[in-house]
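Please read the structure below before turning to the comments.
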Amino acid sequence: MHGLKTDWDTEIVPYVCQLQDYCSAMPRWCPGCGDHAVLSAVQRLARDEQLPPEKTVVVSGIGCASRFPHYMKTYGFHGLHGRALPLACGVKSRRPDLKVFVVTGDGDCCAIGMGHWMHALRYNFDLTILLMDNSIYGLTKGQTSPTTARGAHSSTHPKGSFFVPLNPISMALGVANVSFVAQTVDWNPPHVNATIRAAHQHRGTSFVRIFQRCPHYTKSVFAEPQKDPSLIRVMTHPDGITMDENAMRIFTNRVEHDPTDLNEAREIAEDQNFFPIGLFYRNEAAQVYDTDTIVGLGKSPAEKLKVLEASLDRFSV
Ligand SMILES: Cc1ncc(C[n+]2csc(CCOP(=O)(O)OP(=O)(O)O)c2C)c(N)n1
Ligand code: SF4
Ligand SMILES: [Mg+2]
């Protein structure tokens, strides 16, 4: 054939995503806010795991931390206050092929979103939940949250919060069918990275509470464990969150904890003397909502579409 070359070959070089492929708008968090560190950890994980940006979704509620989806060059859903989890479960139930992260705050998750939180942990959809706990309502200018320590000052309790805070880890460990519960501190990048990686690798809902610095409203809350790392108790186990010995050097206060031991996990979580970090609990055998519902009513997608179209046809004019 004239003018057409038929013996050429195209070599398709697979595109390797770089860090900037996951970075979007310039974050508008305060300087020194722990949210920056977690954003970097998630972007790094996405790059290392080569998560396809078009197959990754970050869902959030409302709060400072919930601005997260704007800063990821992936799909995102900045939802309503307390409603990140039902949105994320909805995304996952319709599109099980997507990687779904949920970013929520201590107000968003543990106050207004409490009911959704408990049931999401029980449903055990394949989600990675990052609870950014700065123990305050940051976005709305410093009101007491469910995790605000007794005696801590806030705009709603200027003389100090008088009520006992809830412990998100103990609560999560009490939910039926919970499958992954971990805790980390935003100011130790190797531990944040290792924890978020382990959470991502878990099939089911991984719940990670991150002690998150808010230099604007709760500057003093994490000042002590930052100054004195011996106040941080690291759970170690070959099946837990593992880091190389160099990164572990700073942590002298360690406890060996088998993440299949739920009772011991609860005891460590309840110890008020330390900030425990690492993997509390993992249950690979927990029932996963997506796995059971993907089967639907035993009908193929084509059959479902046919039924759907038939019902819509009833409204045709
Ligand atoms: C239904 C509803 N109630 C209340 C608010 C006001 N509100 C917005 S963010 C927020 C608290 C945010 O605190 P948190 O979830 O801890 O996030 P942070 O800002 O600390 O990251 C509140 C009360 C709202 N937007 N919608
Ligand atoms: S108010 Fe606190 S949580 Fe919000 S951006 Fe500033 S430092 Fe971060
Ligand atoms: Mg908060």
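Going by the structure tokens order, chains are called A, B, ..., each with residues numbered from 1, while ligands are numbered from 1 in the order shown.
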
(request) Please identify the residues whose atoms come within 10 Å of ligand 2, using only C-alpha atoms and all ligand atoms, and report them as a PyMOL selection string. (result) chain A and resi 27-36+63-67+105+132-142+212-219

(message) At a cut-off of 10 Å, using only C-alpha atoms, what residues contact Asp228 of chain A? Leave out same-chain residues fewer than 4 positions from it and give the result as a PyMOL selection string.
(response) chain A and resi 223-224+232+250-251

(request) Would you kindly return, as an MDAnalysis selection string, each protein, DNA or RNA residue with an atom no farther than 10 Å from any atom of Pro276 of chain A, considering only C-alpha atoms and excluding same-chain residues fewer than 3 positions away? (result) chainID A and resid 182:185 231:235 253:255 268:273 279:280

(request) Using only C-alpha atoms, pick whichever of A:Lys227, A:Arg47, A:His191, A:Lys55 has the shortest atom-to-atom distance to Asp97 of chain A. (result)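 With only C-alpha atoms as the atom set, the closest residue is A:Lys55.
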
(request) Might you pull out every residue within 12 Å of Thr195 of chain A, with only C-alpha atoms counted and same-chain residues fewer than 2 positions away left off, and present them as JSON, numbers by chain? (result) {"A": [38, 41, 42, 45, 128, 129, 130, 180, 181, 182, 183, 184, 185, 186, 188, 189, 190, 191, 192, 193, 197, 198, 199, 200, 201, 202, 206, 207, 208, 209, 210, 234, 235, 240, 241, 242, 243, 277, 278, 279, 280]}

How would you write, as a compact mmCIF listing (two decimals) with all heavy atoms, in the first residue's frame, the set of residues in segment 95-316 of chain A that DSSP gives as strand (DSSP E or B)?
# COMPACT_ATOMS: atom_id res chain seq x y z
N LYS A 99 -9.13 2.38 45.09
CA LYS A 99 -8.47 2.48 46.40
C LYS A 99 -9.10 3.67 47.12
O LYS A 99 -9.10 4.79 46.58
CB LYS A 99 -6.96 2.70 46.20
CG LYS A 99 -6.22 3.11 47.46
CD LYS A 99 -6.12 2.00 48.46
CE LYS A 99 -5.93 2.51 49.88
NZ LYS A 99 -5.91 1.46 50.89
N VAL A 100 -9.66 3.44 48.30
CA VAL A 100 -10.34 4.54 48.99
C VAL A 100 -9.66 4.84 50.33
O VAL A 100 -9.55 3.97 51.20
CB VAL A 100 -11.84 4.20 49.23
CG1 VAL A 100 -12.56 5.37 49.91
CG2 VAL A 100 -12.53 3.86 47.92
N PHE A 101 -9.22 6.10 50.47
CA PHE A 101 -8.73 6.61 51.75
C PHE A 101 -9.83 7.48 52.35
O PHE A 101 -10.55 8.17 51.62
CB PHE A 101 -7.51 7.51 51.55
CG PHE A 101 -6.27 6.81 51.09
CD1 PHE A 101 -5.93 6.78 49.74
CD2 PHE A 101 -5.42 6.20 52.01
CE1 PHE A 101 -4.76 6.15 49.31
CE2 PHE A 101 -4.25 5.57 51.58
CZ PHE A 101 -3.93 5.54 50.24
N VAL A 102 -9.93 7.46 53.67
CA VAL A 102 -10.86 8.37 54.36
C VAL A 102 -10.03 9.20 55.33
O VAL A 102 -9.26 8.65 56.12
CB VAL A 102 -11.92 7.59 55.16
CG1 VAL A 102 -12.88 8.55 55.85
CG2 VAL A 102 -12.69 6.64 54.25
N VAL A 103 -10.17 10.52 55.24
CA VAL A 103 -9.47 11.39 56.20
C VAL A 103 -10.54 12.11 57.02
O VAL A 103 -11.45 12.73 56.48
CB VAL A 103 -8.56 12.40 55.47
CG1 VAL A 103 -7.87 13.30 56.50
CG2 VAL A 103 -7.52 11.68 54.62
N THR A 104 -10.42 11.99 58.33
CA THR A 104 -11.45 12.52 59.22
C THR A 104 -10.79 13.12 60.46
O THR A 104 -9.62 12.86 60.73
CB THR A 104 -12.45 11.38 59.56
OG1 THR A 104 -13.46 11.85 60.44
CG2 THR A 104 -11.77 10.18 60.22
N GLY A 105 -11.54 13.93 61.20
CA GLY A 105 -11.00 14.56 62.41
C GLY A 105 -11.67 13.99 63.64
O GLY A 105 -12.64 13.23 63.55
N THR A 128 -9.10 2.63 53.97
CA THR A 128 -8.02 3.05 54.87
C THR A 128 -8.47 4.35 55.55
O THR A 128 -8.57 5.38 54.88
CB THR A 128 -6.71 3.28 54.09
OG1 THR A 128 -6.40 2.08 53.38
CG2 THR A 128 -5.56 3.65 55.01
N ILE A 129 -8.76 4.27 56.85
CA ILE A 129 -9.25 5.46 57.57
C ILE A 129 -8.11 6.10 58.36
O ILE A 129 -7.44 5.42 59.14
CB ILE A 129 -10.36 5.09 58.58
CG1 ILE A 129 -11.51 4.34 57.89
CG2 ILE A 129 -10.88 6.33 59.30
CD1 ILE A 129 -12.60 3.87 58.87
N LEU A 130 -7.91 7.40 58.14
CA LEU A 130 -6.90 8.13 58.90
C LEU A 130 -7.62 9.15 59.77
O LEU A 130 -8.20 10.12 59.27
CB LEU A 130 -5.93 8.85 57.93
CG LEU A 130 -5.26 7.94 56.89
CD1 LEU A 130 -4.43 8.76 55.93
CD2 LEU A 130 -4.41 6.87 57.57
N LEU A 131 -7.63 8.89 61.07
CA LEU A 131 -8.26 9.82 62.02
C LEU A 131 -7.19 10.79 62.51
O LEU A 131 -6.28 10.42 63.26
CB LEU A 131 -8.86 9.05 63.21
CG LEU A 131 -9.23 9.89 64.43
CD1 LEU A 131 -10.25 10.98 64.11
CD2 LEU A 131 -9.75 9.01 65.55
N MET A 132 -7.30 12.03 62.09
CA MET A 132 -6.32 13.05 62.49
C MET A 132 -6.84 13.66 63.80
O MET A 132 -7.76 14.48 63.79
CB MET A 132 -6.24 14.14 61.42
CG MET A 132 -6.18 13.58 60.02
SD MET A 132 -4.60 12.92 59.67
CE MET A 132 -3.91 14.32 58.90
N ASP A 133 -6.23 13.21 64.90
CA ASP A 133 -6.73 13.60 66.22
C ASP A 133 -5.85 14.68 66.84
O ASP A 133 -4.79 14.40 67.40
CB ASP A 133 -6.79 12.35 67.12
CG ASP A 133 -7.53 12.64 68.41
OD1 ASP A 133 -7.87 13.82 68.66
OD2 ASP A 133 -7.75 11.69 69.17
N TYR A 137 -11.68 20.98 67.96
CA TYR A 137 -12.29 21.35 66.67
C TYR A 137 -11.43 22.48 66.11
O TYR A 137 -11.52 23.62 66.56
CB TYR A 137 -13.72 21.88 66.88
CG TYR A 137 -14.76 20.88 67.27
CD1 TYR A 137 -16.08 21.29 67.48
CD2 TYR A 137 -14.49 19.53 67.42
CE1 TYR A 137 -17.07 20.39 67.84
CE2 TYR A 137 -15.48 18.62 67.77
CZ TYR A 137 -16.76 19.06 67.98
OH TYR A 137 -17.74 18.17 68.34
N GLN A 143 -13.09 24.54 69.68
CA GLN A 143 -14.04 24.05 70.68
C GLN A 143 -13.60 22.68 71.20
O GLN A 143 -12.88 21.95 70.53
CB GLN A 143 -15.45 23.92 70.09
CG GLN A 143 -16.07 25.22 69.63
CD GLN A 143 -15.65 25.64 68.24
OE1 GLN A 143 -15.00 24.89 67.53
NE2 GLN A 143 -15.99 26.85 67.86
N PHE A 180 -8.57 -3.95 61.85
CA PHE A 180 -7.21 -3.38 61.87
C PHE A 180 -7.27 -2.07 62.65
O PHE A 180 -7.99 -1.15 62.27
CB PHE A 180 -6.74 -3.11 60.44
CG PHE A 180 -5.32 -2.59 60.32
CD1 PHE A 180 -4.30 -3.42 59.85
CD2 PHE A 180 -5.00 -1.28 60.65
CE1 PHE A 180 -2.99 -2.94 59.71
CE2 PHE A 180 -3.69 -0.80 60.54
CZ PHE A 180 -2.69 -1.63 60.05
N VAL A 181 -6.51 -2.01 63.74
CA VAL A 181 -6.48 -0.80 64.57
C VAL A 181 -5.03 -0.45 64.89
O VAL A 181 -4.30 -1.27 65.47
CB VAL A 181 -7.29 -1.00 65.88
CG1 VAL A 181 -7.26 0.26 66.74
CG2 VAL A 181 -8.73 -1.41 65.59
N ALA A 182 -4.62 0.75 64.51
CA ALA A 182 -3.23 1.16 64.76
C ALA A 182 -3.21 2.62 65.20
O ALA A 182 -4.19 3.35 65.07
CB ALA A 182 -2.40 0.99 63.50
N GLN A 183 -2.06 3.02 65.74
CA GLN A 183 -1.91 4.40 66.20
C GLN A 183 -0.49 4.87 65.90
O GLN A 183 0.46 4.09 65.99
CB GLN A 183 -2.18 4.44 67.70
CG GLN A 183 -2.19 5.81 68.31
CD GLN A 183 -3.06 5.87 69.57
OE1 GLN A 183 -4.23 6.26 69.51
NE2 GLN A 183 -2.52 5.48 70.70
N THR A 184 -0.36 6.14 65.55
CA THR A 184 0.97 6.69 65.29
C THR A 184 1.00 8.17 65.67
O THR A 184 -0.02 8.72 66.10
CB THR A 184 1.38 6.45 63.81
OG1 THR A 184 2.74 6.86 63.62
CG2 THR A 184 0.49 7.20 62.82
N VAL A 185 2.17 8.79 65.55
CA VAL A 185 2.33 10.21 65.86
C VAL A 185 2.79 10.92 64.58
O VAL A 185 3.68 10.41 63.90
CB VAL A 185 3.36 10.43 66.99
CG1 VAL A 185 2.82 9.94 68.32
CG2 VAL A 185 4.70 9.76 66.69
N SER A 206 -9.02 -0.47 57.65
CA SER A 206 -7.90 -0.22 58.56
C SER A 206 -8.16 1.14 59.20
O SER A 206 -8.39 2.13 58.51
CB SER A 206 -6.57 -0.25 57.83
OG SER A 206 -6.69 0.27 56.55
N PHE A 207 -8.14 1.14 60.52
CA PHE A 207 -8.41 2.36 61.28
C PHE A 207 -7.10 2.81 61.94
O PHE A 207 -6.53 2.09 62.75
CB PHE A 207 -9.48 2.09 62.35
CG PHE A 207 -9.73 3.26 63.25
CD1 PHE A 207 -10.39 4.39 62.77
CD2 PHE A 207 -9.31 3.26 64.57
CE1 PHE A 207 -10.61 5.49 63.59
CE2 PHE A 207 -9.54 4.35 65.40
CZ PHE A 207 -10.19 5.46 64.91
N VAL A 208 -6.65 4.00 61.55
CA VAL A 208 -5.39 4.52 62.10
C VAL A 208 -5.68 5.86 62.78
O VAL A 208 -6.14 6.80 62.14
CB VAL A 208 -4.32 4.75 61.00
CG1 VAL A 208 -3.03 5.28 61.61
CG2 VAL A 208 -4.06 3.48 60.21
N ARG A 209 -5.44 5.90 64.08
CA ARG A 209 -5.55 7.19 64.77
C ARG A 209 -4.16 7.82 64.80
O ARG A 209 -3.17 7.18 65.22
CB ARG A 209 -6.04 6.99 66.20
CG ARG A 209 -6.18 8.30 66.97
CD ARG A 209 -6.17 8.00 68.44
NE ARG A 209 -6.52 9.12 69.28
CZ ARG A 209 -6.38 9.10 70.60
NH1 ARG A 209 -5.94 8.02 71.21
NH2 ARG A 209 -6.69 10.15 71.32
N ILE A 210 -4.11 9.07 64.38
CA ILE A 210 -2.82 9.77 64.33
C ILE A 210 -2.86 10.92 65.33
O ILE A 210 -3.73 11.80 65.23
CB ILE A 210 -2.55 10.30 62.90
CG1 ILE A 210 -2.57 9.12 61.91
CG2 ILE A 210 -1.22 11.05 62.84
CD1 ILE A 210 -2.62 9.52 60.45
N PHE A 211 -1.96 10.89 66.31
CA PHE A 211 -1.85 12.04 67.21
C PHE A 211 -1.31 13.18 66.35
O PHE A 211 -0.19 13.12 65.86
CB PHE A 211 -0.89 11.75 68.36
CG PHE A 211 -1.43 10.75 69.37
CD1 PHE A 211 -0.75 9.57 69.62
CD2 PHE A 211 -2.60 11.00 70.07
CE1 PHE A 211 -1.23 8.67 70.55
CE2 PHE A 211 -3.09 10.11 71.01
CZ PHE A 211 -2.41 8.93 71.24
N ILE A 232 6.51 7.69 74.75
CA ILE A 232 5.83 6.97 73.67
C ILE A 232 6.19 5.49 73.80
O ILE A 232 7.38 5.15 73.80
CB ILE A 232 6.27 7.52 72.29
CG1 ILE A 232 5.86 8.98 72.18
CG2 ILE A 232 5.68 6.70 71.15
CD1 ILE A 232 6.37 9.68 70.93
N ARG A 233 5.18 4.67 73.95
CA ARG A 233 5.44 3.22 74.07
C ARG A 233 5.15 2.56 72.72
O ARG A 233 4.03 2.62 72.21
CB ARG A 233 4.55 2.62 75.16
CG ARG A 233 4.63 1.13 75.22
CD ARG A 233 4.02 0.58 76.47
NE ARG A 233 4.96 0.68 77.59
CZ ARG A 233 4.68 0.29 78.82
NH1 ARG A 233 3.49 -0.20 79.10
NH2 ARG A 233 5.58 0.39 79.77
N VAL A 234 6.20 1.96 72.15
CA VAL A 234 6.05 1.38 70.81
C VAL A 234 5.78 -0.12 70.92
O VAL A 234 6.53 -0.86 71.55
CB VAL A 234 7.33 1.58 69.97
CG1 VAL A 234 7.12 1.08 68.54
CG2 VAL A 234 7.72 3.03 69.94
N MET A 235 4.69 -0.54 70.29
CA MET A 235 4.39 -1.98 70.24
C MET A 235 5.24 -2.60 69.14
O MET A 235 5.26 -2.11 68.01
CB MET A 235 2.91 -2.19 69.92
CG MET A 235 2.01 -1.84 71.08
SD MET A 235 0.29 -1.85 70.58
CE MET A 235 0.11 -0.21 69.96
N THR A 236 5.94 -3.65 69.48
CA THR A 236 6.78 -4.31 68.48
C THR A 236 6.33 -5.76 68.32
O THR A 236 5.87 -6.40 69.28
CB THR A 236 8.27 -4.32 68.91
OG1 THR A 236 8.36 -4.94 70.19
CG2 THR A 236 8.84 -2.92 68.98
N ARG A 254 9.61 0.15 74.72
CA ARG A 254 8.97 -0.79 73.78
C ARG A 254 8.24 -1.89 74.52
O ARG A 254 8.64 -2.29 75.61
CB ARG A 254 10.03 -1.45 72.88
CG ARG A 254 10.89 -0.42 72.16
CD ARG A 254 11.89 -1.10 71.25
NE ARG A 254 12.91 -0.15 70.81
CZ ARG A 254 13.89 -0.43 69.99
NH1 ARG A 254 14.00 -1.65 69.50
NH2 ARG A 254 14.76 0.48 69.63
N VAL A 255 7.20 -2.39 73.90
CA VAL A 255 6.50 -3.53 74.47
C VAL A 255 6.20 -4.51 73.33
O VAL A 255 5.76 -4.10 72.26
CB VAL A 255 5.21 -3.08 75.23
CG1 VAL A 255 4.24 -2.35 74.31
CG2 VAL A 255 4.52 -4.26 75.87
N GLU A 256 6.51 -5.78 73.59
CA GLU A 256 6.21 -6.80 72.58
C GLU A 256 4.71 -7.08 72.65
O GLU A 256 4.17 -7.35 73.72
CB GLU A 256 7.03 -8.06 72.92
CG GLU A 256 6.81 -9.25 72.02
CD GLU A 256 7.60 -9.20 70.70
OE1 GLU A 256 8.31 -8.20 70.47
OE2 GLU A 256 7.49 -10.15 69.91
N PHE A 275 1.88 7.17 75.55
CA PHE A 275 1.23 7.29 74.24
C PHE A 275 1.59 6.02 73.47
O PHE A 275 2.71 5.92 72.95
CB PHE A 275 1.77 8.51 73.49
CG PHE A 275 1.37 9.84 74.08
CD1 PHE A 275 2.02 10.36 75.19
CD2 PHE A 275 0.34 10.58 73.52
CE1 PHE A 275 1.66 11.58 75.74
CE2 PHE A 275 -0.04 11.81 74.06
CZ PHE A 275 0.62 12.30 75.18
N PRO A 276 0.72 5.03 73.41
CA PRO A 276 1.09 3.81 72.71
C PRO A 276 0.98 3.98 71.20
O PRO A 276 0.01 4.56 70.71
CB PRO A 276 0.05 2.79 73.20
CG PRO A 276 -1.10 3.59 73.69
CD PRO A 276 -0.63 4.97 73.99
N ILE A 277 1.99 3.51 70.47
CA ILE A 277 1.91 3.55 69.01
C ILE A 277 2.27 2.18 68.43
O ILE A 277 2.98 1.40 69.06
CB ILE A 277 2.79 4.67 68.37
CG1 ILE A 277 4.28 4.44 68.63
CG2 ILE A 277 2.35 6.05 68.84
CD1 ILE A 277 5.17 5.38 67.81
N GLY A 278 1.76 1.92 67.24
CA GLY A 278 2.01 0.63 66.59
C GLY A 278 0.69 -0.04 66.27
O GLY A 278 -0.37 0.60 66.28
N LEU A 279 0.77 -1.34 66.02
CA LEU A 279 -0.44 -2.08 65.64
C LEU A 279 -1.06 -2.75 66.87
O LEU A 279 -0.44 -3.61 67.50
CB LEU A 279 -0.09 -3.14 64.58
CG LEU A 279 -1.26 -3.95 64.03
CD1 LEU A 279 -2.31 -3.06 63.38
CD2 LEU A 279 -0.77 -4.98 63.00
N PHE A 280 -2.27 -2.34 67.22
CA PHE A 280 -2.97 -2.95 68.34
C PHE A 280 -3.57 -4.30 67.94
O PHE A 280 -3.47 -5.28 68.65
CB PHE A 280 -4.13 -2.05 68.81
CG PHE A 280 -3.70 -0.84 69.56
CD1 PHE A 280 -3.49 0.36 68.89
CD2 PHE A 280 -3.49 -0.89 70.92
CE1 PHE A 280 -3.08 1.49 69.60
CE2 PHE A 280 -3.10 0.23 71.63
CZ PHE A 280 -2.89 1.42 70.96
N TYR A 281 -4.22 -4.29 66.76
CA TYR A 281 -5.02 -5.47 66.44
C TYR A 281 -5.16 -5.63 64.93
O TYR A 281 -5.33 -4.64 64.21
CB TYR A 281 -6.41 -5.31 67.06
CG TYR A 281 -7.30 -6.52 66.88
CD1 TYR A 281 -6.96 -7.76 67.43
CD2 TYR A 281 -8.48 -6.44 66.15
CE1 TYR A 281 -7.78 -8.86 67.25
CE2 TYR A 281 -9.31 -7.54 65.98
CZ TYR A 281 -8.94 -8.75 66.53
OH TYR A 281 -9.73 -9.85 66.35
N ARG A 282 -5.05 -6.88 64.48
CA ARG A 282 -5.33 -7.18 63.08
C ARG A 282 -6.02 -8.53 63.02
O ARG A 282 -5.57 -9.50 63.64
CB ARG A 282 -4.04 -7.23 62.26
CG ARG A 282 -4.34 -7.41 60.77
CD ARG A 282 -3.16 -7.96 59.99
NE ARG A 282 -2.17 -6.96 59.62
CZ ARG A 282 -0.90 -7.01 60.01
NH1 ARG A 282 -0.48 -7.96 60.80
NH2 ARG A 282 -0.06 -6.08 59.61

(request) Quick one: pick out all alpha helix (DSSP H) residues within segment 152-299 of chain A from a backbone DSSP run and write them as number ranges by chain. (result) A: 168-173, 189-201, 223-227, 245-248, 262-270, 289-293

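When only C-alpha atoms and all ligand atoms are used to measure the gap to ligand 3, the shortest distance among A:Ser154, A:Pro96, A:Leu85, A:Asp108 belongs to A:Asp108.
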
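Proximity to Pro158 of chain A was assessed for A:Thr74, A:Thr144, A:Ser316, A:Gln50 counting only C-alpha atoms; the smallest distance is recorded for A:Thr144.
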
(request) Grab the atom CA of Arg314 of chain A to atom CA of Ala302 of chain A distance for me, in Å with one decimal place. (result)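 Those two atoms sit 18.9 Å apart.
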
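Between ligand 3 and the candidates A:Arg203, A:His81, A:His70, A:His119, the tightest atom-to-atom separation, counting only C-alpha atoms and all ligand atoms, involves A:His81.
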
(request) Could you jot down the atom CA of Ala152 of chain A to atom 9 (S, counted along the ligand's line) of ligand 1 separation for me, Å, one decimal place? (result)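 Taking atom CA of Ala152 of chain A as the start and atom 9 (S, counted along the ligand's line) of ligand 1 as the end point, the length is 19.4 Å.
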
(message) I'd like to know which of A:Tyr123, A:Gly82, A:Arg94, A:Ala88 is closest to Ala111 of chain A, using only C-alpha atoms.
(response) A:Gly82

(message) Using only C-alpha atoms and all ligand atoms for the distances, tell me which of A:Glu284, A:Asp106, A:Asp313, A:Asp48 is nearest to ligand 3.
(response)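 Ranking A:Glu284, A:Asp106, A:Asp313, A:Asp48 by distance to ligand 3, first place goes to A:Asp106.
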
(request) Enter the distance from atom CA of Gly204 of chain A to atom CA of Ala46 of chain A, in Å, rounded to one decimal. (result) 18.1 Å
